[in-house]
Structures are given as C-alpha cells and as structure tokens.
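To be precise, the following lines are final.pdb, and they hold PDB, C-alpha atoms.
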ATOM      1  CA  MET A   1      91.172  84.614  94.317
ATOM      2  CA  LEU A   2      92.635  88.043  93.739
ATOM      3  CA  LYS A   3      90.333  91.053  93.835
ATOM      4  CA  LYS A   4      90.955  94.644  92.950
ATOM      5  CA  ILE A   5      90.265  97.346  95.502
ATOM      6  CA  ASN A   6      88.695 100.668  94.578
ATOM      7  CA  LEU A   7      89.817 102.926  97.406
ATOM      8  CA  LEU A   8      86.955 105.412  97.178
ATOM      9  CA  ASP A   9      84.329 102.647  96.971
ATOM     10  CA  GLU A  10      85.829 100.874  99.984
ATOM     11  CA  VAL A  11      85.984 103.924 102.191
ATOM     12  CA  ASN A  12      82.479 104.968 101.136
ATOM     13  CA  LYS A  13      81.095 101.620 102.341
ATOM     14  CA  ILE A  14      81.854 102.653 105.922
ATOM     15  CA  ASN A  15      78.804 104.182 107.576
ATOM     16  CA  GLU A  16      80.492 105.829 110.536
ATOM     17  CA  LEU A  17      83.348 108.176 111.159
ATOM     18  CA  TYR A  18      86.539 106.904 112.842
ATOM     19  CA  VAL A  19      85.971 103.247 111.939
ATOM     20  CA  TYR A  20      89.142 101.734 110.501
ATOM     21  CA  LYS A  21      88.267  99.118 107.895
ATOM     22  CA  LYS A  22      91.027  96.686 107.019
ATOM     23  CA  ILE A  23      91.155  96.184 103.249
ATOM     24  CA  ALA A  24      94.384  94.235 102.642
ATOM     25  CA  ILE A  25      97.671  92.961 104.051
ATOM     26  CA  LEU A  26     100.946  93.724 102.280
ATOM     27  CA  ASN A  27     104.103  92.096 103.654
ATOM     28  CA  ASN A  28     102.648  92.140 107.178
ATOM     29  CA  ASN A  29     101.546  95.756 106.847
ATOM     30  CA  ILE A  30      97.848  96.452 107.304
ATOM     31  CA  LEU A  31      96.064  98.637 104.756
ATOM     32  CA  SER A  32      92.955 100.255 106.197
ATOM     33  CA  VAL A  33      90.569 102.997 105.167
ATOM     34  CA  VAL A  34      88.797 105.468 107.421
ATOM     35  CA  GLN A  35      86.597 108.563 107.254
ATOM     36  CA  VAL A  36      87.439 111.367 109.657
ATOM     37  CA  GLU A  37      85.925 114.783 110.375
ATOM     38  CA  ASN A  38      86.570 117.379 113.058
ATOM     39  CA  ARG A  39      89.213 115.463 114.947
ATOM     40  CA  THR A  40      92.657 116.449 116.137
ATOM     41  CA  LEU A  41      94.650 113.698 117.776
ATOM     42  CA  ASP A  42      97.185 114.272 120.537
ATOM     43  CA  PHE A  43     100.800 114.291 119.453
ATOM     44  CA  HIS A  44     102.105 110.733 119.516
ATOM     45  CA  VAL A  45     104.901 108.466 118.377
ATOM     46  CA  HIS A  46     104.812 104.967 116.910
ATOM     47  CA  GLU A  47     107.995 103.313 118.161
ATOM     48  CA  ASN A  48     107.749 100.147 116.089
ATOM     49  CA  SER A  49     106.234 101.089 112.746
ATOM     50  CA  ASP A  50     106.454 103.616 109.969
ATOM     51  CA  GLU A  51     103.030 104.930 109.026
ATOM     52  CA  LEU A  52     101.590 106.022 105.686
ATOM     53  CA  PHE A  53      98.688 108.459 105.296
ATOM     54  CA  PHE A  54      97.163 108.783 101.810
ATOM     55  CA  VAL A  55      94.296 111.191 101.118
ATOM     56  CA  ILE A  56      91.624 109.456  99.034
ATOM     57  CA  GLU A  57      89.288 112.465  99.271
ATOM     58  CA  GLY A  58      89.380 115.710 101.224
ATOM     59  CA  GLU A  59      92.373 117.313 102.892
ATOM     60  CA  PHE A  60      94.016 117.540 106.300
ATOM     61  CA  LYS A  61      96.906 119.090 108.149
ATOM     62  CA  PHE A  62      99.771 116.929 109.274
ATOM     63  CA  ASP A  63     101.434 118.463 112.304
ATOM     64  CA  THR A  64     105.050 117.662 113.236
ATOM     65  CA  ASP A  65     107.832 119.166 115.332
ATOM     66  CA  ASP A  66     109.032 120.820 112.108
ATOM     67  CA  GLY A  67     105.719 122.457 111.249
ATOM     68  CA  VAL A  68     102.402 121.802 109.570
ATOM     69  CA  ILE A  69     102.004 120.199 106.152
ATOM     70  CA  LEU A  70      98.720 120.424 104.223
ATOM     71  CA  LEU A  71      97.873 117.225 102.361
ATOM     72  CA  LYS A  72      95.215 117.136  99.661
ATOM     73  CA  GLU A  73      93.595 114.441  97.540
ATOM     74  CA  GLY A  74      96.161 112.167  95.884
ATOM     75  CA  GLU A  75      98.884 113.127  98.344
ATOM     76  CA  MET A  76     100.610 110.943 100.925
ATOM     77  CA  ILE A  77     103.114 111.180 103.716
ATOM     78  CA  VAL A  78     105.281 108.438 105.174
ATOM     79  CA  VAL A  79     106.054 108.979 108.856
ATOM     80  CA  PRO A  80     109.173 107.123 109.995
ATOM     81  CA  LYS A  81     108.811 105.270 113.288
ATOM     82  CA  GLY A  82     109.835 107.385 116.249
ATOM     83  CA  THR A  83     108.584 110.615 114.645
ATOM     84  CA  ARG A  84     106.269 112.740 116.781
ATOM     85  CA  HIS A  85     103.163 113.746 114.845
ATOM     86  CA  ARG A  86      99.453 114.393 114.918
ATOM     87  CA  PRO A  87      96.824 114.693 112.204
ATOM     88  CA  ILE A  88      94.453 117.655 112.280
ATOM     89  CA  VAL A  89      91.257 116.963 110.372
ATOM     90  CA  THR A  90      88.569 119.620 109.986
ATOM     91  CA  THR A  91      86.392 118.785 106.982
ATOM     92  CA  LEU A  92      85.370 115.242 106.059
ATOM     93  CA  THR A  93      88.451 113.440 104.774
ATOM     94  CA  LYS A  94      88.882 109.862 103.592
ATOM     95  CA  PHE A  95      92.188 108.105 104.190
ATOM     96  CA  LEU A  96      94.161 105.039 103.289
ATOM     97  CA  MET A  97      96.506 104.124 106.152
ATOM     98  CA  ILE A  98      99.331 101.587 106.040
ATOM     99  CA  GLU A  99     101.253 100.397 109.095
ATOM    100  CA  LEU A 100     102.323  97.281 110.981
ATOM    101  CA  PRO A 101      99.835  95.409 113.192
ATOM    102  CA  GLY A 102      99.359  96.924 116.640
ATOM    103  CA  THR A 103     100.228 100.452 115.521
ATOM    104  CA  LEU A 104      96.700 101.830 115.502
ATOM    105  CA  ASN A 105      94.946 101.812 118.829
ATOM    106  CA  LYS A 106      92.228 103.763 120.566
ATOM    107  CA  GLN A 107      94.726 105.870 122.426
ATOM    108  CA  ASN A 108      96.550 107.187 119.380
ATOM    109  CA  SER A 109      94.072 107.071 116.555
ATOM    110  CA  GLY A 110      90.899 108.124 118.163
ATOM    111  CA  ASP A 111      88.449 105.326 117.785
ATOM    112  CA  LYS A 112      87.350 101.840 116.928
ATOM    113  CA  TYR A 113      88.293  99.101 114.504
ATOM    114  CA  GLU A 114      85.913  97.112 112.394
ATOM    115  CA  ASP A 115      86.093  93.348 112.533
ATOM    116  CA  SER A 116      87.286  91.973 109.264
ATOM    117  CA  ASP A 117      87.702  88.680 107.501
ATOM    118  CA  ILE A 118      91.152  89.777 106.391
ATOM    119  CA  ASN A 119      93.726  88.323 108.782
TER     120      ASN A 119
ATOM    121  CA  MET B   1     112.281 116.633 107.676
ATOM    122  CA  LEU B   2     109.026 115.081 106.543
ATOM    123  CA  LYS B   3     107.728 115.860 103.083
ATOM    124  CA  LYS B   4     104.443 115.077 101.466
ATOM    125  CA  ILE B   5     104.355 113.166  98.197
ATOM    126  CA  ASN B   6     101.929 114.022  95.406
ATOM    127  CA  LEU B   7     101.741 110.783  93.452
ATOM    128  CA  LEU B   8     100.787 112.304  90.109
ATOM    129  CA  ASP B   9     103.450 115.011  90.376
ATOM    130  CA  GLU B  10     106.122 112.433  91.219
ATOM    131  CA  VAL B  11     105.286 110.080  88.398
ATOM    132  CA  ASN B  12     105.043 112.988  85.936
ATOM    133  CA  LYS B  13     108.607 114.031  86.792
ATOM    134  CA  ILE B  14     109.889 110.880  85.104
ATOM    135  CA  ASN B  15     110.835 111.553  81.501
ATOM    136  CA  GLU B  16     110.981 107.977  80.240
ATOM    137  CA  LEU B  17     108.789 104.926  80.236
ATOM    138  CA  TYR B  18     109.691 101.910  82.383
ATOM    139  CA  VAL B  19     111.900 103.843  84.805
ATOM    140  CA  TYR B  20     111.029 102.960  88.395
ATOM    141  CA  LYS B  21     111.525 105.964  90.653
ATOM    142  CA  LYS B  22     111.787 105.237  94.351
ATOM    143  CA  ILE B  23     109.725 107.761  96.322
ATOM    144  CA  ALA B  24     109.666 106.377  99.877
ATOM    145  CA  ILE B  25     110.397 103.462 102.198
ATOM    146  CA  LEU B  26     107.689 102.111 104.492
ATOM    147  CA  ASN B  27     108.671  99.400 106.983
ATOM    148  CA  ASN B  28     111.315  98.100 104.578
ATOM    149  CA  ASN B  29     108.921  98.160 101.623
ATOM    150  CA  ILE B  30     109.914 100.294  98.661
ATOM    151  CA  LEU B  31     107.367 102.658  97.152
ATOM    152  CA  SER B  32     108.140 103.489  93.539
ATOM    153  CA  VAL B  33     106.322 105.139  90.657
ATOM    154  CA  VAL B  34     106.580 104.255  86.990
ATOM    155  CA  GLN B  35     105.001 105.124  83.641
ATOM    156  CA  VAL B  36     104.249 102.202  81.331
ATOM    157  CA  GLU B  37     102.780 101.922  77.834
ATOM    158  CA  ASN B  38     102.417  99.006  75.404
ATOM    159  CA  ARG B  39     104.103  96.409  77.561
ATOM    160  CA  THR B  40     103.039  92.923  78.584
ATOM    161  CA  LEU B  41     105.370  91.161  80.972
ATOM    162  CA  ASP B  42     105.872  87.411  81.043
ATOM    163  CA  PHE B  43     103.995  85.572  83.750
ATOM    164  CA  HIS B  44     106.122  85.518  86.885
ATOM    165  CA  VAL B  45     106.073  84.895  90.617
ATOM    166  CA  HIS B  46     107.663  86.816  93.475
ATOM    167  CA  GLU B  47     108.578  84.186  96.040
ATOM    168  CA  ASN B  48     109.589  86.558  98.828
ATOM    169  CA  SER B  49     107.320  89.576  98.645
ATOM    170  CA  ASP B  50     103.719  90.596  98.257
ATOM    171  CA  GLU B  51     103.328  93.303  95.624
ATOM    172  CA  LEU B  52     100.921  96.224  95.385
ATOM    173  CA  PHE B  53      99.910  97.891  92.116
ATOM    174  CA  PHE B  54      97.978 101.189  92.377
ATOM    175  CA  VAL B  55      96.777 103.045  89.278
ATOM    176  CA  ILE B  56      97.566 106.753  89.607
ATOM    177  CA  GLU B  57      96.350 107.472  86.064
ATOM    178  CA  GLY B  58      95.258 105.273  83.168
ATOM    179  CA  GLU B  59      94.199 101.629  83.300
ATOM    180  CA  PHE B  60      95.654  98.163  82.773
ATOM    181  CA  LYS B  61      94.762  94.518  82.814
ATOM    182  CA  PHE B  62      96.057  92.315  85.583
ATOM    183  CA  ASP B  63      96.353  88.724  84.358
ATOM    184  CA  THR B  64      96.312  85.777  86.775
ATOM    185  CA  ASP B  65      95.649  82.043  86.671
ATOM    186  CA  ASP B  66      92.070  82.895  87.668
ATOM    187  CA  GLY B  67      91.463  85.372  84.858
ATOM    188  CA  VAL B  68      91.949  88.987  83.895
ATOM    189  CA  ILE B  69      91.066  91.943  86.114
ATOM    190  CA  LEU B  70      90.769  95.470  84.698
ATOM    191  CA  LEU B  71      92.130  98.125  87.037
ATOM    192  CA  LYS B  72      91.358 101.803  86.555
ATOM    193  CA  GLU B  73      92.469 105.037  88.183
ATOM    194  CA  GLY B  74      92.193 104.912  91.981
ATOM    195  CA  GLU B  75      92.170 101.117  92.046
ATOM    196  CA  MET B  76      94.777  98.761  93.488
ATOM    197  CA  ILE B  77      95.542  95.102  93.762
ATOM    198  CA  VAL B  78      97.690  93.323  96.332
ATOM    199  CA  VAL B  79      99.373  90.208  94.936
ATOM    200  CA  PRO B  80     100.374  87.736  97.652
ATOM    201  CA  LYS B  81     103.872  86.306  97.284
ATOM    202  CA  GLY B  82     103.901  83.083  95.323
ATOM    203  CA  THR B  83     101.031  84.188  93.059
ATOM    204  CA  ARG B  84     101.623  83.872  89.322
ATOM    205  CA  HIS B  85     100.711  87.071  87.500
ATOM    206  CA  ARG B  86     101.521  89.478  84.720
ATOM    207  CA  PRO B  87     100.453  93.037  83.993
ATOM    208  CA  ILE B  88      99.182  93.888  80.507
ATOM    209  CA  VAL B  89      99.515  97.583  79.744
ATOM    210  CA  THR B  90      98.267  99.042  76.466
ATOM    211  CA  THR B  91      97.681 102.779  76.880
ATOM    212  CA  LEU B  92      99.932 105.024  78.952
ATOM    213  CA  THR B  93      99.391 104.179  82.607
ATOM    214  CA  LYS B  94     101.030 105.574  85.737
ATOM    215  CA  PHE B  95     101.575 103.302  88.715
ATOM    216  CA  LEU B  96     102.529 103.296  92.347
ATOM    217  CA  MET B  97     104.212  99.999  93.233
ATOM    218  CA  ILE B  98     105.015  98.743  96.742
ATOM    219  CA  GLU B  99     107.140  95.683  97.463
ATOM    220  CA  LEU B 100     110.176  94.495  99.416
ATOM    221  CA  PRO B 101     113.703  95.285  98.174
ATOM    222  CA  GLY B 102     114.952  92.949  95.456
ATOM    223  CA  THR B 103     111.476  92.143  94.137
ATOM    224  CA  LEU B 104     111.642  94.302  91.023
ATOM    225  CA  ASN B 105     114.334  93.352  88.574
ATOM    226  CA  LYS B 106     114.930  93.660  84.868
ATOM    227  CA  GLN B 107     113.785  90.138  84.252
ATOM    228  CA  ASN B 108     110.361  90.495  85.785
ATOM    229  CA  SER B 109     109.463  94.137  85.549
ATOM    230  CA  GLY B 110     110.773  95.066  82.186
ATOM    231  CA  ASP B 111     113.311  97.757  82.673
ATOM    232  CA  LYS B 112     115.580  99.971  84.633
ATOM    233  CA  TYR B 113     115.689 101.609  88.037
ATOM    234  CA  GLU B 114     116.555 105.189  88.719
ATOM    235  CA  ASP B 115     119.233 105.936  91.257
ATOM    236  CA  SER B 116     117.757 107.634  94.241
ATOM    237  CA  ASP B 117     118.828 109.369  97.402
ATOM    238  CA  ILE B 118     116.210 107.374  99.300
ATOM    239  CA  ASN B 119     117.887 104.380 100.933
TER     240      ASN B 119
END
Please express the file's structure as structure tokens.
Amino acid sequence: MLKKINLLDEVNKINELYVYKKIAILNNNILSVVQVENRTLDFHVHENSDELFFVIEGEFKFDTDDGVILLKEGEMIVVPKGTRHRPIVTTLTKFLMIELPGTLNKQNSGDKYEDSDIN
Amino acid sequence: MLKKINLLDEVNKINELYVYKKIAILNNNILSVVQVENRTLDFHVHENSDELFFVIEGEFKFDTDDGVILLKEGEMIVVPKGTRHRPIVTTLTKFLMIELPGTLNKQNSGDKYEDSDIN
C-alpha cells in the first residue's frame, strides 16, 4: 500500500541528533532523514555513489575543494561520486539524504543509523 | 564545479506548463521539475523504474488501485515500479520528479521535455 511522506513530519519524529532514519527506497537509492546540529565532518569522498543533500529546515555550509556553498531551506546539492566534500552544520538543520546503500557509515557521516522496516 | 539547486527557483524559471526541466542526475536517476495544472493522466505503469513525486508548491491527488492520496507542499510519494497509478492535478502545482532515464515519455506524462546541458 502506497503512503505519502511528509518530510518535515518524518524528520521531526526522530528524537535524537545524528540518527539517520530510512524513509524510502528509490531505484536502490536510500532516502533518509536526519537532524544535525554543531557538527563538522572530516573531508571525505564516496567512491561508489552520488549523494544528495536537501535542506528540509535550517541551513548549512557545504564545503568543497572549490569553496563553501551555503544551502538554505528548500535547497539541495547533488555531489557526484569521487567529489571531496564535508558538511558544516552549526544551527539545528533537518536533512533529506539520498544515496546508494553502504554510502553512509559512522566514519563519514558522524553517527548511528536507526533500524527500519524498510529494506 | 558544484552548484546548489533551489527547487522553487528552478521550477519557476519554466515558462510553460508540462515542460519537464532536468536539473540533476543522481546515480543514473534523473531529477526534473515541472509545473502542471488541470491535467489528469491515464492510469499507467512504469515497468523499469520507481518514481518519486515531490510537491514543491501546490497540491495534487495521487490515484492508485488502493485509493486516492492527497499530497501537499513538502510531501512526496515513491511509486515502486510495476505499480499502476495516475496523478490528478487541478490547481497549479510544481513538482520535483525522480526516475530512471526513459521513464517519462509523452504517452505517460503528458508532454514535452526541455533540452538540457545536463547529461
């Protein structure tokens, strides 16, 4: 049975920062939502997957070898695989992320992953 | 060089209804934006691709064999491949769509596709 997804409602259901909640699968890509505050990741590269960041609420800086890009609510960036990057998050920001399975891990995204009934 | 994408700005740059504008590629999936008004498509199935509808602005009804779902701004639905569906759009609504290449065509999405420098 199909269900709609309200992005803000879904991300607001998470009670902790840095918990990635899987909300859907699209052509083998995982859609997940996460709340982040005061976290700057190390520069890193995903060799096997492009990665999409969409700002549901808040804002953050996206740091690349070409400079820093400020992303606000309703804005997204698609990072091609192999591109060195790091997010810089100061104030509470709520994200939709899309990438292939195995792309997010503790080393390069900062924290833990909620169990989910979406496979 | 990476660039951010403001979804509302991108969809507002389109001057006609039913023109799908490609804005990015993510792991072989095409992201496109489109403005639609007063259009109900025939029921159809995509055999080879899941499909994501996200409402940037407006609202529409998503019709399936299990009933009708109303989607409003900030809401999305992921349609697994093989699922019979049709969108019913009455008032002007602005969408982000994500699916594999070849999924959208004139027969099942209603209209034309803008040439793009995104390949």
How close does chain B get to chain A? List, as CSV, each residue of chain B within 6 Å, its nearest atom pair and the distance in Å to one decimal, counting only C-alpha atoms.
residue,atom,partner,partner_atom,distance
B:Lys4,CA,A:Ile77,CA,4.7
B:Ile5,CA,A:Met76,CA,5.1
B:Asn6,CA,A:Glu75,CA,4.3
B:Leu26,CA,A:Asp50,CA,5.8
B:Asn27,CA,A:Asp50,CA,5.6
B:Asp50,CA,A:Asn27,CA,5.6
B:Glu75,CA,A:Asn6,CA,4.3
B:Met76,CA,A:Ile5,CA,5.1
B:Ile77,CA,A:Lys4,CA,4.7
Can you move chain A onto chain B by a least-squares fit over all C-alpha atoms paired in order, then give me the moved copy as a short mmCIF file (atom, residue, chain, number, x, y, z; two decimals) with C-alpha atoms, keeping the file's coordinate frame?
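The result, stored in result_12.cif:
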data_model
loop_
_atom_site.label_atom_id
_atom_site.label_comp_id
_atom_site.auth_asym_id
_atom_site.auth_seq_id
_atom_site.Cartn_x
_atom_site.Cartn_y
_atom_site.Cartn_z
CA MET A 1 112.27 116.64 107.66
CA LEU A 2 109.01 115.09 106.56
CA LYS A 3 107.70 115.87 103.09
CA LYS A 4 104.41 115.08 101.47
CA ILE A 5 104.33 113.18 98.21
CA ASN A 6 101.92 114.04 95.41
CA LEU A 7 101.74 110.80 93.46
CA LEU A 8 100.78 112.32 90.12
CA ASP A 9 103.45 115.03 90.37
CA GLU A 10 106.11 112.45 91.24
CA VAL A 11 105.30 110.09 88.42
CA ASN A 12 105.04 112.99 85.96
CA LYS A 13 108.61 114.04 86.80
CA ILE A 14 109.89 110.88 85.12
CA ASN A 15 110.85 111.55 81.51
CA GLU A 16 110.99 107.98 80.26
CA LEU A 17 108.80 104.94 80.25
CA TYR A 18 109.71 101.91 82.40
CA VAL A 19 111.91 103.86 84.83
CA TYR A 20 111.04 102.96 88.41
CA LYS A 21 111.53 105.97 90.66
CA LYS A 22 111.79 105.23 94.36
CA ILE A 23 109.73 107.76 96.33
CA ALA A 24 109.67 106.38 99.89
CA ILE A 25 110.38 103.47 102.22
CA LEU A 26 107.66 102.12 104.50
CA ASN A 27 108.64 99.41 106.99
CA ASN A 28 111.30 98.11 104.59
CA ASN A 29 108.90 98.16 101.65
CA ILE A 30 109.91 100.29 98.68
CA LEU A 31 107.34 102.66 97.17
CA SER A 32 108.13 103.49 93.56
CA VAL A 33 106.32 105.13 90.68
CA VAL A 34 106.58 104.26 87.00
CA GLN A 35 105.01 105.12 83.65
CA VAL A 36 104.27 102.21 81.34
CA GLU A 37 102.80 101.92 77.84
CA ASN A 38 102.45 99.02 75.42
CA ARG A 39 104.12 96.41 77.57
CA THR A 40 103.05 92.94 78.59
CA LEU A 41 105.37 91.17 80.98
CA ASP A 42 105.88 87.41 81.05
CA PHE A 43 104.00 85.56 83.76
CA HIS A 44 106.12 85.53 86.89
CA VAL A 45 106.09 84.89 90.62
CA HIS A 46 107.67 86.83 93.47
CA GLU A 47 108.58 84.19 96.05
CA ASN A 48 109.59 86.55 98.84
CA SER A 49 107.32 89.58 98.64
CA ASP A 50 103.72 90.59 98.26
CA GLU A 51 103.32 93.29 95.64
CA LEU A 52 100.91 96.22 95.39
CA PHE A 53 99.90 97.90 92.12
CA PHE A 54 97.98 101.18 92.39
CA VAL A 55 96.78 103.04 89.29
CA ILE A 56 97.56 106.75 89.62
CA GLU A 57 96.35 107.46 86.07
CA GLY A 58 95.26 105.26 83.18
CA GLU A 59 94.20 101.64 83.31
CA PHE A 60 95.65 98.17 82.79
CA LYS A 61 94.78 94.51 82.82
CA PHE A 62 96.07 92.31 85.58
CA ASP A 63 96.35 88.74 84.36
CA THR A 64 96.32 85.78 86.77
CA ASP A 65 95.67 82.04 86.66
CA ASP A 66 92.08 82.89 87.66
CA GLY A 67 91.47 85.37 84.85
CA VAL A 68 91.96 88.99 83.89
CA ILE A 69 91.07 91.94 86.11
CA LEU A 70 90.77 95.47 84.70
CA LEU A 71 92.13 98.12 87.04
CA LYS A 72 91.37 101.80 86.55
CA GLU A 73 92.46 105.04 88.18
CA GLY A 74 92.19 104.91 91.98
CA GLU A 75 92.17 101.12 92.04
CA MET A 76 94.77 98.77 93.50
CA ILE A 77 95.54 95.10 93.76
CA VAL A 78 97.68 93.33 96.33
CA VAL A 79 99.36 90.21 94.94
CA PRO A 80 100.37 87.75 97.65
CA LYS A 81 103.87 86.31 97.28
CA GLY A 82 103.90 83.09 95.31
CA THR A 83 101.02 84.19 93.06
CA ARG A 84 101.63 83.87 89.32
CA HIS A 85 100.71 87.07 87.50
CA ARG A 86 101.51 89.48 84.72
CA PRO A 87 100.45 93.04 83.99
CA ILE A 88 99.19 93.90 80.51
CA VAL A 89 99.52 97.59 79.75
CA THR A 90 98.28 99.05 76.47
CA THR A 91 97.69 102.78 76.89
CA LEU A 92 99.94 105.03 78.97
CA THR A 93 99.40 104.17 82.62
CA LYS A 94 101.04 105.58 85.74
CA PHE A 95 101.58 103.31 88.73
CA LEU A 96 102.53 103.30 92.36
CA MET A 97 104.21 100.00 93.26
CA ILE A 98 105.00 98.74 96.75
CA GLU A 99 107.14 95.68 97.48
CA LEU A 100 110.17 94.49 99.43
CA PRO A 101 113.70 95.28 98.19
CA GLY A 102 114.95 92.95 95.46
CA THR A 103 111.47 92.16 94.14
CA LEU A 104 111.64 94.30 91.03
CA ASN A 105 114.32 93.36 88.56
CA LYS A 106 114.93 93.62 84.85
CA GLN A 107 113.79 90.09 84.26
CA ASN A 108 110.35 90.46 85.80
CA SER A 109 109.47 94.10 85.49
CA GLY A 110 110.77 95.01 82.13
CA ASP A 111 113.31 97.72 82.60
CA LYS A 112 115.59 99.96 84.56
CA TYR A 113 115.69 101.61 87.96
CA GLU A 114 116.54 105.19 88.65
CA ASP A 115 119.23 105.95 91.18
CA SER A 116 117.75 107.62 94.19
CA ASP A 117 118.83 109.35 97.35
CA ILE A 118 116.23 107.36 99.25
CA ASN A 119 117.92 104.34 100.84
#
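Applied to the file shown here, the PyMOL selection byres ((chain B and resi 90) around 8) selects the residues Glu37, Asn38, Arg39, Phe60, Ile88, Val89, Thr91 and Leu92 of chain B.
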Starting from the PyMOL selection byres ((chain A and resi 41) around 6), expand the selection into actual residues of this file and give them as an MDAnalysis selection string.
chainID A and resid 40 42 86
When you look at Thr93 (chain B) with a cut-off of 7 Å (counting all atoms listed in the file), what residues show up, excluding the ones that are within fewer than 2 positions of it in the same chain? I need them as a ChimeraX atom specification.
/B:35-37,57-59,91,95
Val33 (chain B): which residues within 7 Å, counting only C-alpha atoms, same-chain residues fewer than 2 positions away excluded, as a PyMOL selection string?
chain B and resi 11+20-22+95-97
Å distance separating CA of Ile30 (chain B) from CA of Val45 (chain B), one decimal place:
17.8 Å
Do you have the CA of Pro101 (chain B)-CA of Leu31 (chain B) distance handy?
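Calculated distance between CA of Pro101 (chain B) and CA of Leu31 (chain B) is 9.8 Å.
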Draw an axis-aligned box over all listed atoms of region 35-39 of chain B, pad each side with 4 Å, and write its centre and edge lengths in Å, one decimal, as lines of an AutoDock Vina configuration file.
center_x = 103.7
center_y = 100.8
center_z = 79.5
size_x = 10.6
size_y = 16.7
size_z = 16.2
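Relative to CA of Glu16 (chain B), CA of Leu104 (chain B) is found at 17.4 Å.
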